[in-house]
file query-v4.cif (mmCIF, C-alpha atoms)
data_work
#
loop_
_atom_site.label_atom_id
_atom_site.label_comp_id
_atom_site.auth_asym_id
_atom_site.auth_seq_id
_atom_site.Cartn_x
_atom_site.Cartn_y
_atom_site.Cartn_z
CA MET A 1 43.10 -11.01 18.82
CA GLU A 2 44.39 -11.35 22.38
CA THR A 3 43.87 -8.30 24.59
CA ARG A 4 45.27 -7.36 28.00
CA PHE A 5 43.02 -4.74 29.54
CA ASP A 6 42.99 -4.67 33.32
CA LEU A 7 39.71 -4.94 35.23
CA ALA A 8 39.70 -1.27 36.19
CA ARG A 9 39.83 -0.26 32.52
CA LEU A 10 37.09 -2.72 31.61
CA ALA A 11 34.76 -1.03 34.10
CA ASP A 12 34.41 1.72 31.46
CA PRO A 13 31.63 0.63 29.05
CA GLN A 14 33.37 2.22 26.07
CA ILE A 15 36.63 0.38 26.80
CA ARG A 16 34.61 -2.81 27.27
CA GLU A 17 33.08 -2.34 23.82
CA ALA A 18 36.48 -1.56 22.29
CA GLU A 19 37.92 -4.73 23.81
CA ARG A 20 35.03 -6.80 22.38
CA ILE A 21 35.72 -5.38 18.91
CA LEU A 22 39.47 -5.94 19.17
CA ARG A 23 38.97 -9.56 20.17
CA ALA A 24 36.89 -10.17 17.03
CA CYS A 25 39.78 -9.21 14.72
CA VAL A 26 41.87 -12.21 13.54
CA HIS A 27 44.29 -10.12 11.42
CA CYS A 28 43.33 -12.09 8.29
CA GLY A 29 44.09 -9.18 5.96
CA PHE A 30 40.86 -9.34 3.90
CA CYS A 31 40.43 -5.62 4.61
CA LEU A 32 43.69 -4.61 2.94
CA ALA A 33 42.53 -4.86 -0.67
CA THR A 34 39.42 -2.76 0.02
CA CYS A 35 41.04 0.05 2.05
CA PRO A 36 41.48 3.19 -0.09
CA THR A 37 44.38 4.62 1.91
CA TYR A 38 46.29 1.34 1.87
CA LEU A 39 45.77 1.13 -1.89
CA LEU A 40 47.35 4.57 -2.22
CA THR A 41 50.29 4.23 0.16
CA GLY A 42 50.96 0.51 0.59
CA ASP A 43 51.73 1.29 4.24
CA GLU A 44 50.35 -1.29 6.69
CA ARG A 45 49.72 1.53 9.14
CA ASP A 46 47.30 3.03 6.60
CA SER A 47 45.23 -0.18 6.62
CA PRO A 48 42.45 -1.17 9.04
CA ARG A 49 44.62 -4.01 10.34
CA GLY A 50 47.51 -1.66 11.06
CA ARG A 51 45.28 0.96 12.66
CA ILE A 52 43.62 -1.68 14.84
CA SER A 53 47.02 -2.70 16.18
CA MET A 54 47.97 0.88 17.00
CA ILE A 55 44.58 1.56 18.61
CA LYS A 56 44.88 -1.62 20.69
CA ASP A 57 48.31 -0.60 21.96
CA MET A 58 47.15 2.94 22.75
CA LEU A 59 44.01 1.88 24.63
CA GLU A 60 45.57 -1.06 26.49
CA GLN A 61 48.33 1.12 27.87
CA ASP A 62 45.88 3.96 28.60
CA ARG A 63 48.33 6.44 27.14
CA GLY A 64 47.93 9.55 25.05
CA ALA A 65 48.14 9.15 21.31
CA ASP A 66 51.59 9.46 19.81
CA ALA A 67 52.25 11.28 16.53
CA THR A 68 52.32 8.09 14.43
CA THR A 69 49.01 6.76 15.74
CA ALA A 70 47.31 10.14 15.35
CA ARG A 71 48.61 10.56 11.79
CA HIS A 72 47.44 7.18 10.54
CA VAL A 73 44.08 7.25 12.33
CA ASP A 74 43.53 10.75 10.92
CA ARG A 75 44.19 9.35 7.45
CA CYS A 76 41.31 6.88 7.82
CA LEU A 77 38.31 7.94 5.72
CA SER A 78 35.79 6.02 7.85
CA CYS A 79 34.52 4.71 4.50
CA LEU A 80 33.85 1.35 6.24
CA SER A 81 34.80 -0.66 3.17
CA CYS A 82 36.76 -2.86 5.55
CA MET A 83 33.58 -3.78 7.39
CA THR A 84 31.99 -5.02 4.18
CA ALA A 85 35.05 -7.18 3.49
CA CYS A 86 35.61 -8.45 7.05
CA PRO A 87 34.63 -12.12 7.53
CA SER A 88 34.84 -11.78 11.33
CA GLY A 89 32.31 -8.98 11.77
CA VAL A 90 34.76 -6.50 13.30
CA ASN A 91 32.88 -3.25 13.98
CA TYR A 92 35.71 -0.98 12.89
CA MET A 93 33.36 2.04 12.82
CA HIS A 94 32.78 1.99 16.58
CA LEU A 95 36.45 1.29 17.29
CA VAL A 96 37.87 4.10 15.18
CA ASP A 97 35.31 6.59 16.54
CA HIS A 98 36.43 5.68 20.07
CA ALA A 99 40.08 6.05 19.03
CA ARG A 100 39.40 9.50 17.58
CA ALA A 101 37.76 10.63 20.79
CA HIS A 102 40.80 9.37 22.73
CA ILE A 103 43.17 11.21 20.36
CA HIS A 104 41.11 14.39 20.64
CA GLU A 105 41.28 14.24 24.43
CA THR A 106 44.96 13.29 24.81
CA ARG A 107 46.95 14.82 21.95
CA PRO A 108 47.23 18.59 21.36
CA ARG A 109 47.11 19.53 17.68
CA PRO A 110 49.50 21.99 15.99
CA PRO A 111 48.06 25.54 16.05
CA MET A 112 47.08 25.77 12.36
CA GLU A 113 45.51 22.31 12.34
CA ARG A 114 43.63 23.16 15.52
CA LEU A 115 42.34 26.37 13.87
CA VAL A 116 41.06 24.52 10.79
CA ARG A 117 39.33 21.89 12.90
CA ARG A 118 37.67 24.55 15.03
CA LEU A 119 36.47 26.44 11.95
CA VAL A 120 35.01 23.30 10.45
CA ALA A 121 33.36 22.18 13.70
CA LEU A 122 31.94 25.66 14.28
CA THR A 123 30.56 26.41 10.81
CA VAL A 124 29.57 23.25 8.92
CA PRO A 125 26.88 22.01 11.36
CA ARG A 126 25.20 25.46 11.37
CA PRO A 127 23.67 26.24 7.94
CA ARG A 128 23.56 30.03 8.32
CA LEU A 129 27.11 30.24 9.62
CA PHE A 130 28.28 27.75 7.01
CA ARG A 131 26.68 29.81 4.26
CA LEU A 132 28.54 32.88 5.54
CA ALA A 133 31.77 30.86 5.66
CA LEU A 134 31.23 29.78 2.04
CA VAL A 135 30.77 33.41 0.99
CA CYS A 136 34.10 34.24 2.66
CA ALA A 137 35.71 31.22 1.00
CA LEU A 138 34.33 32.29 -2.38
CA LEU A 139 35.90 35.74 -1.93
CA ALA A 140 39.19 34.12 -0.89
CA ARG A 141 39.27 31.66 -3.81
CA PRO A 142 41.35 33.94 -6.13
CA PHE A 143 43.96 34.18 -3.38
CA GLY A 144 44.15 30.41 -2.83
CA PRO A 145 47.85 30.11 -3.77
CA LEU A 146 48.71 32.79 -1.20
CA LEU A 147 46.83 31.17 1.67
CA PRO A 148 48.51 28.88 4.23
CA ALA A 149 48.49 25.27 3.04
CA ARG A 150 46.04 24.23 5.76
CA LEU A 151 43.52 26.94 4.81
CA ALA A 152 43.64 26.63 1.01
CA PRO A 153 41.27 23.59 0.89
CA LEU A 154 38.61 25.62 2.72
CA ALA A 155 38.66 28.22 -0.03
CA GLY A 156 38.80 25.58 -2.73
CA MET A 157 35.60 23.83 -1.65
CA ALA A 158 33.40 26.91 -2.06
CA PRO A 159 30.88 26.51 -4.90
CA ARG A 160 31.02 29.02 -7.72
CA ARG A 161 27.39 29.88 -7.08
CA LEU A 162 25.89 29.79 -3.62
CA PRO A 163 22.20 28.73 -3.52
CA SER A 164 19.69 30.84 -1.64
CA PRO A 165 18.04 29.48 1.52
CA SER A 166 15.19 27.16 0.61
CA TRP A 167 11.57 26.80 1.67
CA ALA A 168 12.28 23.09 2.14
CA ASP A 169 14.49 23.71 5.16
CA ALA A 170 12.00 25.70 7.23
CA PRO A 171 10.12 23.77 9.92
CA ALA A 172 6.81 22.72 8.34
CA VAL A 173 4.38 19.91 7.69
CA HIS A 174 4.06 19.07 3.99
CA GLU A 175 0.79 17.27 3.31
CA ALA A 176 0.63 14.09 1.29
CA ARG A 177 -0.96 14.29 -2.14
CA GLY A 178 -4.01 12.08 -2.22
CA GLU A 179 -4.35 9.34 0.38
CA ARG A 180 -1.73 9.46 3.12
CA ARG A 181 0.33 6.26 3.12
CA MET A 182 3.06 7.26 5.57
CA ARG A 183 4.03 10.03 7.96
CA VAL A 184 7.76 10.68 7.97
CA ALA A 185 10.26 13.06 9.55
CA LEU A 186 12.85 14.42 7.14
CA LEU A 187 16.35 15.15 8.42
CA ASN A 188 17.28 18.06 6.18
CA GLY A 189 20.90 18.07 7.32
CA CYS A 190 23.28 20.95 7.84
CA ALA A 191 25.84 21.30 5.03
CA GLN A 192 23.25 20.24 2.47
CA GLN A 193 21.05 23.22 3.34
CA ALA A 194 23.86 25.53 2.21
CA LEU A 195 25.41 23.49 -0.60
CA ALA A 196 22.47 21.72 -2.27
CA PRO A 197 19.04 22.71 -0.88
CA GLU A 198 17.49 21.50 -4.14
CA VAL A 199 17.95 17.95 -2.87
CA ASN A 200 15.59 18.57 0.06
CA GLU A 201 13.13 20.28 -2.27
CA ALA A 202 13.11 17.29 -4.61
CA THR A 203 12.81 14.88 -1.68
CA ILE A 204 9.74 16.64 -0.28
CA ARG A 205 8.04 16.82 -3.70
CA LEU A 206 8.80 13.15 -4.38
CA LEU A 207 7.63 11.86 -1.00
CA THR A 208 4.43 13.91 -0.90
CA ARG A 209 3.65 12.80 -4.46
CA LEU A 210 4.01 9.18 -3.32
CA GLY A 211 1.62 9.67 -0.41
CA CYS A 212 3.89 10.71 2.47
CA GLU A 213 3.19 13.47 4.93
CA VAL A 214 6.64 14.99 5.40
CA VAL A 215 7.53 16.80 8.62
CA VAL A 216 10.58 19.03 8.94
CA ALA A 217 10.61 19.32 12.72
CA GLY A 218 11.66 22.53 14.41
CA GLY A 219 14.81 21.98 16.43
CA SER A 220 16.18 19.16 14.27
CA GLY A 221 19.42 19.73 12.39
CA CYS A 222 22.94 18.32 12.27
CA CYS A 223 23.02 14.56 12.90
CA GLY A 224 26.28 14.81 14.88
CA ALA A 225 28.41 12.69 12.54
CA LEU A 226 30.86 15.49 11.77
CA ALA A 227 31.70 16.06 15.43
CA LEU A 228 31.85 12.33 16.19
CA HIS A 229 34.31 11.62 13.40
CA MET A 230 36.50 14.51 14.55
CA GLY A 231 36.66 12.98 18.02
CA GLU A 232 34.29 15.45 19.68
CA ARG A 233 31.89 12.90 21.11
CA GLU A 234 30.03 15.20 23.52
CA LYS A 235 29.21 17.66 20.73
CA ALA A 236 27.93 14.77 18.64
CA LEU A 237 25.69 13.59 21.48
CA THR A 238 24.36 17.13 21.99
CA ALA A 239 23.37 17.34 18.31
CA ALA A 240 21.76 13.91 18.47
CA ARG A 241 19.75 14.80 21.59
CA ALA A 242 18.37 17.89 19.84
CA ASN A 243 17.11 15.72 16.98
CA LEU A 244 15.66 13.09 19.31
CA ALA A 245 13.80 15.74 21.29
CA ALA A 246 12.47 17.43 18.14
CA TRP A 247 11.16 14.19 16.65
CA LYS A 248 9.68 13.02 19.94
CA ALA A 249 7.72 16.28 20.17
CA ALA A 250 6.54 16.18 16.54
CA GLY A 251 5.91 12.42 16.28
CA PRO A 252 4.82 9.74 15.92
CA PHE A 253 6.40 8.81 12.57
CA ASP A 254 6.47 5.73 10.39
CA ALA A 255 10.05 6.55 9.36
CA VAL A 256 12.81 9.08 9.92
CA VAL A 257 14.21 9.79 6.46
CA ALA A 258 17.70 10.93 5.52
CA ASN A 259 18.68 11.87 1.97
CA ALA A 260 22.36 12.31 2.85
CA SER A 261 23.69 8.81 3.45
CA GLY A 262 26.31 9.96 5.95
CA CYS A 263 23.51 11.35 8.11
CA GLY A 264 21.46 8.18 7.62
CA THR A 265 24.31 6.03 8.86
CA GLN A 266 24.60 8.20 11.95
CA LEU A 267 20.84 8.03 12.64
CA LYS A 268 20.97 4.25 12.54
CA GLU A 269 23.71 4.43 15.20
CA TYR A 270 21.75 6.59 17.67
CA GLY A 271 20.59 3.49 19.54
CA PHE A 272 24.22 2.41 20.03
CA LEU A 273 25.39 5.88 21.06
CA PHE A 274 22.78 6.14 23.83
CA LYS A 275 22.51 2.49 24.88
CA ASP A 276 24.02 3.28 28.31
CA ASP A 277 21.98 6.46 28.82
CA PRO A 278 18.69 5.63 30.58
CA GLY A 279 17.20 9.00 29.66
CA TRP A 280 17.63 8.53 25.91
CA ALA A 281 18.07 4.80 25.32
CA GLY A 282 14.42 4.13 24.45
CA THR A 283 13.91 7.14 22.16
CA SER A 284 17.24 6.64 20.39
CA ALA A 285 16.55 2.95 19.78
CA GLU A 286 13.13 3.83 18.33
CA VAL A 287 14.63 6.44 15.99
CA SER A 288 17.40 4.07 14.88
CA GLY A 289 14.79 1.42 14.18
CA LYS A 290 12.78 3.82 12.02
CA ALA A 291 15.73 5.52 10.29
CA ARG A 292 15.62 5.01 6.52
CA ASP A 293 17.56 6.25 3.55
CA ILE A 294 15.33 7.96 0.99
CA ALA A 295 15.88 5.03 -1.39
CA GLU A 296 14.48 2.56 1.15
CA VAL A 297 11.26 4.55 1.55
CA VAL A 298 10.74 5.25 -2.15
CA ASP A 299 11.45 1.61 -3.01
CA GLY A 300 8.28 0.57 -1.18
CA LEU A 301 6.09 3.31 -2.64
CA MET A 302 7.05 3.89 -6.28
CA GLY A 303 6.05 1.81 -9.26
CA GLY A 304 7.72 1.80 -12.65
CA CYS A 305 7.55 4.74 -15.05
CA ALA A 306 8.97 5.92 -18.35
CA ALA A 307 12.13 8.01 -18.38
CA PRO A 308 11.49 11.71 -18.97
CA ALA A 309 12.33 13.14 -22.38
CA GLY A 310 16.00 13.99 -22.67
CA ALA A 311 17.00 11.73 -19.77
CA PRO A 312 20.78 11.29 -19.56
CA THR A 313 22.67 8.04 -19.17
CA VAL A 314 23.60 7.96 -15.49
CA ALA A 315 26.67 6.62 -13.69
CA TYR A 316 25.53 5.72 -10.18
CA HIS A 317 28.12 6.43 -7.47
CA ALA A 318 27.43 4.37 -4.35
CA ALA A 319 28.40 6.54 -1.38
CA CYS A 320 30.51 4.64 1.16
CA SER A 321 28.18 5.52 4.01
CA LEU A 322 25.31 3.97 2.03
CA GLN A 323 26.88 0.78 0.69
CA HIS A 324 29.26 0.04 3.57
CA GLY A 325 27.69 1.93 6.46
CA GLN A 326 24.06 0.94 5.82
CA GLY A 327 24.44 -2.08 3.56
CA ILE A 328 22.31 -0.48 0.84
CA VAL A 329 24.02 -1.49 -2.38
CA GLY A 330 21.73 -2.10 -5.34
CA GLU A 331 18.48 -0.37 -4.40
CA PRO A 332 19.18 3.21 -5.61
CA ALA A 333 20.43 2.08 -9.04
CA ALA A 334 17.49 -0.32 -9.32
CA LEU A 335 15.09 2.53 -8.52
CA LEU A 336 16.62 4.67 -11.25
CA ARG A 337 16.27 1.82 -13.74
CA ARG A 338 12.65 1.31 -12.64
CA ALA A 339 12.08 4.99 -13.37
CA GLY A 340 13.36 4.44 -16.93
CA PHE A 341 16.92 5.72 -16.65
CA THR A 342 19.88 3.93 -18.20
CA VAL A 343 22.31 3.33 -15.36
CA ARG A 344 25.94 2.29 -15.68
CA GLU A 345 28.16 0.82 -13.00
CA ILE A 346 31.37 2.61 -12.05
CA PRO A 347 34.56 0.49 -11.93
CA GLU A 348 35.97 0.23 -8.39
CA GLY A 349 32.59 1.33 -7.11
CA HIS A 350 33.50 0.24 -3.58
CA ILE A 351 36.39 2.74 -3.36
CA CYS A 352 35.78 6.14 -1.73
CA CYS A 353 35.74 9.38 -3.74
CA GLY A 354 37.75 11.16 -1.02
CA SER A 355 35.01 13.38 0.39
CA ALA A 356 34.30 11.40 3.58
CA GLY A 357 32.69 14.19 5.59
CA THR A 358 35.50 16.64 6.34
CA TYR A 359 38.29 14.44 4.96
CA ASN A 360 38.77 16.53 1.81
CA ILE A 361 39.43 19.52 4.07
CA LEU A 362 41.57 17.84 6.71
CA GLN A 363 43.46 15.45 4.38
CA PRO A 364 43.38 17.30 1.03
CA ALA A 365 46.33 15.52 -0.62
CA MET A 366 44.94 12.02 -0.05
CA ALA A 367 41.43 13.19 -0.97
CA ALA A 368 42.68 14.65 -4.26
CA ARG A 369 44.33 11.35 -5.24
CA LEU A 370 41.14 9.43 -4.51
CA LEU A 371 39.05 11.97 -6.43
CA ALA A 372 41.29 11.65 -9.49
CA ARG A 373 40.93 7.87 -9.35
CA LYS A 374 37.15 8.10 -8.98
CA CYS A 375 36.78 10.59 -11.85
CA GLU A 376 38.87 8.40 -14.16
CA ASN A 377 36.57 5.47 -13.40
CA ILE A 378 33.44 7.57 -13.96
CA GLU A 379 34.76 8.78 -17.32
CA ALA A 380 35.28 5.14 -18.33
CA THR A 381 31.52 4.54 -18.10
CA GLY A 382 30.75 7.04 -20.86
CA ALA A 383 27.75 8.28 -18.86
CA ASP A 384 26.34 11.77 -19.34
CA ALA A 385 25.73 12.47 -15.64
CA VAL A 386 26.47 11.13 -12.18
CA ALA A 387 23.97 10.30 -9.43
CA ALA A 388 25.16 10.14 -5.82
CA GLY A 389 23.14 9.81 -2.62
CA ASN A 390 25.33 11.92 -0.35
CA VAL A 391 25.93 15.66 -0.58
CA GLY A 392 29.63 15.35 0.27
CA CYS A 393 30.17 12.97 -2.64
CA MET A 394 28.18 15.24 -4.94
CA VAL A 395 30.31 18.29 -4.14
CA GLN A 396 33.58 16.32 -4.25
CA ILE A 397 32.89 14.66 -7.62
CA ALA A 398 31.50 17.84 -9.18
CA GLY A 399 34.77 19.54 -8.30
CA GLY A 400 36.80 17.09 -10.37
CA LEU A 401 34.50 16.18 -13.23
CA ASP A 402 33.00 18.09 -16.14
CA LYS A 403 29.64 16.34 -15.87
CA PRO A 404 26.46 17.24 -13.98
CA VAL A 405 26.16 15.55 -10.58
CA VAL A 406 22.70 15.07 -9.08
CA HIS A 407 21.00 13.18 -6.28
CA PRO A 408 18.88 10.12 -7.16
CA ALA A 409 15.92 11.85 -5.46
CA GLN A 410 16.15 14.65 -8.02
CA LEU A 411 16.02 12.19 -10.90
CA LEU A 412 13.12 10.26 -9.35
CA ASP A 413 11.27 13.52 -8.67
CA TRP A 414 11.73 14.47 -12.33
CA ALA A 415 10.59 11.04 -13.54
CA THR A 416 7.40 11.21 -11.47
CA GLY A 417 6.32 14.69 -12.55
CA GLY A 418 8.71 17.12 -10.89
CA PRO A 419 11.00 19.66 -12.57
CA LYS A 420 14.13 18.73 -14.45
CA PRO A 421 17.14 19.07 -12.12
CA GLU A 422 18.84 22.41 -12.66
CA ALA A 423 22.24 20.74 -13.13
CA LEU A 424 20.85 18.93 -16.20
CA ARG A 425 19.35 21.99 -17.84
CA ASP A 426 21.10 23.57 -20.77
CA PRO A 427 22.80 26.86 -19.88
CA PRO A 428 20.90 29.93 -21.13
#
call {"tool": "encode", "arguments": {"input": "query-v4.cif", "output": "structure tokens"}}
result
Amino acid sequence: METRFDLARLADPQIREAERILRACVHCGFCLATCPTYLLTGDERDSPRGRISMIKDMLEQDRGADATTARHVDRCLSCLSCMTACPSGVNYMHLVDHARAHIHETRPRPPMERLVRRLVALTVPRPRLFRLALVCALLARPFGPLLPARLAPLAGMAPRRLPSPSWADAPAVHEARGERRMRVALLNGCAQQALAPEVNEATIRLLTRLGCEVVVAGGSGCCGALALHMGEREKALTAARANLAAWKAAGPFDAVVANASGCGTQLKEYGFLFKDDPGWAGTSAEVSGKARDIAEVVDGLMGGCAAPAGAPTVAYHAACSLQHGQGIVGEPAALLRRAGFTVREIPEGHICCGSAGTYNILQPAMAARLLARKCENIEATGADAVAAGNVGCMVQIAGGLDKPVVHPAQLLDWATGGPKPEALRDPP
């Protein structure tokens, strides 16, 4: 694609990177068939190709975002399916994150939308505050139809039962069982601590059983992805610096492990985010180089085993941030099969479930349509349960499906001697 940035604009390293990405796009259209929003609307502006054109125009002219550009960029899930399909290697992820930061800085939001975004940005990255917000949302759930349209999704996402804070999320060193094979830092996330702390518990049990010393470092927390994808780049960098400092103090590590694939994708981008920052470039590159999804670590440590008694047939949902963001496609399902589970593929497995971080809150109508499509495809598998490697996907799918939804780490923990996941237990 031809670009026309002037030299003064290209002095900005972020604009320089955006121009490099734009030039790689040849407008071939391979991305159209894989883009969830384009599949729903048929509007070129809801496709990566259309968004790239609008972003190019906005950045070249160095103007504030207009309503049309903001609307269609906001509708992007950042599922990155387009990057998997792109034959030209266009790094759409970096481009759309830059566009969102530009929109955040140049276009005032309507008051109610601004309020929702502030609530999300304030609460979700802070587990204690998020837990309190979920309690309030649970109390507000019966009044959902009376709430303003922008606030109703916040009440709707509250779980019917809120888990208690977990031992797994306190800073600690969990010793390996038997001979130590690895020393790893575990990113225990932010929303996951409030919504599904059992995933971190299962992860720690599984890794220590396989010979890992697992460190939950004091001072580590939110990966920064939520803020970055809402256009608040500086807040994202602040969260990332806190993690880098915590792991530098507690290290060295053989790997930095994420069990929420959205967080893992962000960790692997730390090196890019700080490449122009002399103070953090080295540490961030080291962390990105050692960042691993839980499936990648377990794959090198676990042998085969027999499925536990009463094991369900599992439909494996490949989270977008895992298959498109990290390029990890077959490993989690293969691990489950190695552990003895029967695993079924979900039709249209490359299409997003509609969670996409905060998307189901900020774009509830589009998210609901994608969820309905995903649930229909899961039902077609005839599986008894669903396994998903990202907490957002787990919560989203559980809200639309009458089947238990668990993390692969919970199933692998069960198969190697841990407890049966609570979601799979018969009700008393």
call {"tool": "resolve_selection", "arguments": {"input": "query-v4.cif", "expression": "the PyMOL selection byres ((chain A and resi 130) around 10)", "output": "short mmCIF file (atom, residue, chain, number, x, y, z; two decimals) with C-alpha atoms, keeping the file's coordinate frame"}}
result
data_model
loop_
_atom_site.label_atom_id
_atom_site.label_comp_id
_atom_site.auth_asym_id
_atom_site.auth_seq_id
_atom_site.Cartn_x
_atom_site.Cartn_y
_atom_site.Cartn_z
CA LEU A 119 36.47 26.44 11.95
CA VAL A 120 35.01 23.30 10.45
CA LEU A 122 31.94 25.66 14.28
CA THR A 123 30.56 26.41 10.81
CA VAL A 124 29.57 23.25 8.92
CA PRO A 125 26.88 22.01 11.36
CA ARG A 126 25.20 25.46 11.37
CA PRO A 127 23.67 26.24 7.94
CA ARG A 128 23.56 30.03 8.32
CA LEU A 129 27.11 30.24 9.62
CA ARG A 131 26.68 29.81 4.26
CA LEU A 132 28.54 32.88 5.54
CA ALA A 133 31.77 30.86 5.66
CA LEU A 134 31.23 29.78 2.04
CA VAL A 135 30.77 33.41 0.99
CA CYS A 136 34.10 34.24 2.66
CA CYS A 190 23.28 20.95 7.84
CA ALA A 191 25.84 21.30 5.03
CA GLN A 193 21.05 23.22 3.34
CA ALA A 194 23.86 25.53 2.21
CA LEU A 195 25.41 23.49 -0.60
#
call {"tool": "residues_around", "arguments": {"input": "query-v4.cif", "residues": "Leu139 (chain A)", "least_positions_apart": "5", "cutoff": "12 Å", "atoms": "only C-alpha atoms", "output": "list in words"}}
result
Leu132, Ala133, Leu134, Gly144, Leu154, Ala155, Gly156, Met157, Ala158, Pro159, Arg160, Arg161 and Leu162 of chain A
call {"tool": "closest_residue", "arguments": {"input": "query-v4.cif", "among": "A:Gly349, A:His104, A:Leu95, A:Leu362", "to": "Gly231 (chain A)", "atoms": "only C-alpha atoms"}}
result
A:His104
call {"tool": "residues_around", "arguments": {"input": "query-v4.cif", "residues": "Thr416 (chain A)", "least_positions_apart": "3", "cutoff": "12 Å", "atoms": "all atoms listed in the file", "output": "PyMOL selection string"}}
result
chain A and resi 202-203+205-210+298+301-308+335-336+338-340+409-413+419-420
call {"tool": "closest_residue", "arguments": {"input": "query-v4.cif", "among": "A:Ile346, A:Val96, A:Ala101, A:Leu7", "to": "Ile21 (chain A)", "atoms": "all atoms listed in the file"}}
result
A:Val96
call {"tool": "residues_around", "arguments": {"input": "query-v4.cif", "residues": "region 79-86 of chain A", "least_positions_apart": "3", "cutoff": "10 Å", "atoms": "all atoms listed in the file", "output": "PDB file with C-alpha atoms, keeping the file's coordinate frame"}}
result
ATOM      1  CA  CYS A  25      39.780  -9.210  14.720  1.00  0.00           C
ATOM      2  CA  VAL A  26      41.870 -12.210  13.540  1.00  0.00           C
ATOM      3  CA  HIS A  27      44.290 -10.120  11.420  1.00  0.00           C
ATOM      4  CA  CYS A  28      43.330 -12.090   8.290  1.00  0.00           C
ATOM      5  CA  GLY A  29      44.090  -9.180   5.960  1.00  0.00           C
ATOM      6  CA  PHE A  30      40.860  -9.340   3.900  1.00  0.00           C
ATOM      7  CA  CYS A  31      40.430  -5.620   4.610  1.00  0.00           C
ATOM      8  CA  LEU A  32      43.690  -4.610   2.940  1.00  0.00           C
ATOM      9  CA  ALA A  33      42.530  -4.860  -0.670  1.00  0.00           C
ATOM     10  CA  THR A  34      39.420  -2.760   0.020  1.00  0.00           C
ATOM     11  CA  CYS A  35      41.040   0.050   2.050  1.00  0.00           C
ATOM     12  CA  PRO A  36      41.480   3.190  -0.090  1.00  0.00           C
ATOM     13  CA  SER A  47      45.230  -0.180   6.620  1.00  0.00           C
ATOM     14  CA  PRO A  48      42.450  -1.170   9.040  1.00  0.00           C
ATOM     15  CA  ARG A  49      44.620  -4.010  10.340  1.00  0.00           C
ATOM     16  CA  CYS A  76      41.310   6.880   7.820  1.00  0.00           C
ATOM     17  CA  GLY A  89      32.310  -8.980  11.770  1.00  0.00           C
ATOM     18  CA  VAL A  90      34.760  -6.500  13.300  1.00  0.00           C
ATOM     19  CA  ASN A  91      32.880  -3.250  13.980  1.00  0.00           C
ATOM     20  CA  TYR A  92      35.710  -0.980  12.890  1.00  0.00           C
ATOM     21  CA  MET A  93      33.360   2.040  12.820  1.00  0.00           C
ATOM     22  CA  GLY A 262      26.310   9.960   5.950  1.00  0.00           C
ATOM     23  CA  ALA A 319      28.400   6.540  -1.380  1.00  0.00           C
ATOM     24  CA  CYS A 320      30.510   4.640   1.160  1.00  0.00           C
ATOM     25  CA  SER A 321      28.180   5.520   4.010  1.00  0.00           C
ATOM     26  CA  LEU A 322      25.310   3.970   2.030  1.00  0.00           C
ATOM     27  CA  GLN A 323      26.880   0.780   0.690  1.00  0.00           C
ATOM     28  CA  HIS A 324      29.260   0.040   3.570  1.00  0.00           C
ATOM     29  CA  GLY A 325      27.690   1.930   6.460  1.00  0.00           C
ATOM     30  CA  GLN A 326      24.060   0.940   5.820  1.00  0.00           C
ATOM     31  CA  GLY A 327      24.440  -2.080   3.560  1.00  0.00           C
ATOM     32  CA  HIS A 350      33.500   0.240  -3.580  1.00  0.00           C
ATOM     33  CA  ILE A 351      36.390   2.740  -3.360  1.00  0.00           C
ATOM     34  CA  CYS A 352      35.780   6.140  -1.730  1.00  0.00           C
ATOM     35  CA  CYS A 353      35.740   9.380  -3.740  1.00  0.00           C
ATOM     36  CA  GLY A 354      37.750  11.160  -1.020  1.00  0.00           C
ATOM     37  CA  SER A 355      35.010  13.380   0.390  1.00  0.00           C
ATOM     38  CA  ALA A 356      34.300  11.400   3.580  1.00  0.00           C
ATOM     39  CA  GLY A 357      32.690  14.190   5.590  1.00  0.00           C
TER      40      GLY A 357
END
call {"tool": "resolve_selection", "arguments": {"input": "query-v4.cif", "expression": "the PyMOL selection byres ((chain A and resi 333) around 12)", "output": "PyMOL selection string"}}
result
chain A and resi 295-296+299+313-319+323+328-332+334-346+386-389+407-409+411-412
call {"tool": "build_atoms", "arguments": {"input": "query-v4.cif", "residues": "region 39-44 of chain A", "atoms": "N, CA and C atoms", "output": "short mmCIF file (atom, residue, chain, number, x, y, z; two decimals), in the frame of the given file"}}
result
data_model
loop_
_atom_site.label_atom_id
_atom_site.label_comp_id
_atom_site.auth_asym_id
_atom_site.auth_seq_id
_atom_site.Cartn_x
_atom_site.Cartn_y
_atom_site.Cartn_z
N LEU A 39 45.56 1.24 -0.44
CA LEU A 39 45.77 1.13 -1.89
C LEU A 39 46.66 2.26 -2.41
N LEU A 40 46.55 3.43 -1.78
CA LEU A 40 47.35 4.57 -2.22
C LEU A 40 48.78 4.51 -1.70
N THR A 41 48.96 4.11 -0.45
CA THR A 41 50.29 4.23 0.16
C THR A 41 51.03 2.91 0.29
N GLY A 42 50.30 1.79 0.37
CA GLY A 42 50.96 0.51 0.59
C GLY A 42 51.55 0.37 1.99
N ASP A 43 51.21 1.29 2.87
CA ASP A 43 51.73 1.29 4.24
C ASP A 43 50.75 0.54 5.14
N GLU A 44 51.21 -0.50 5.81
CA GLU A 44 50.35 -1.29 6.69
C GLU A 44 49.66 -0.42 7.73
#
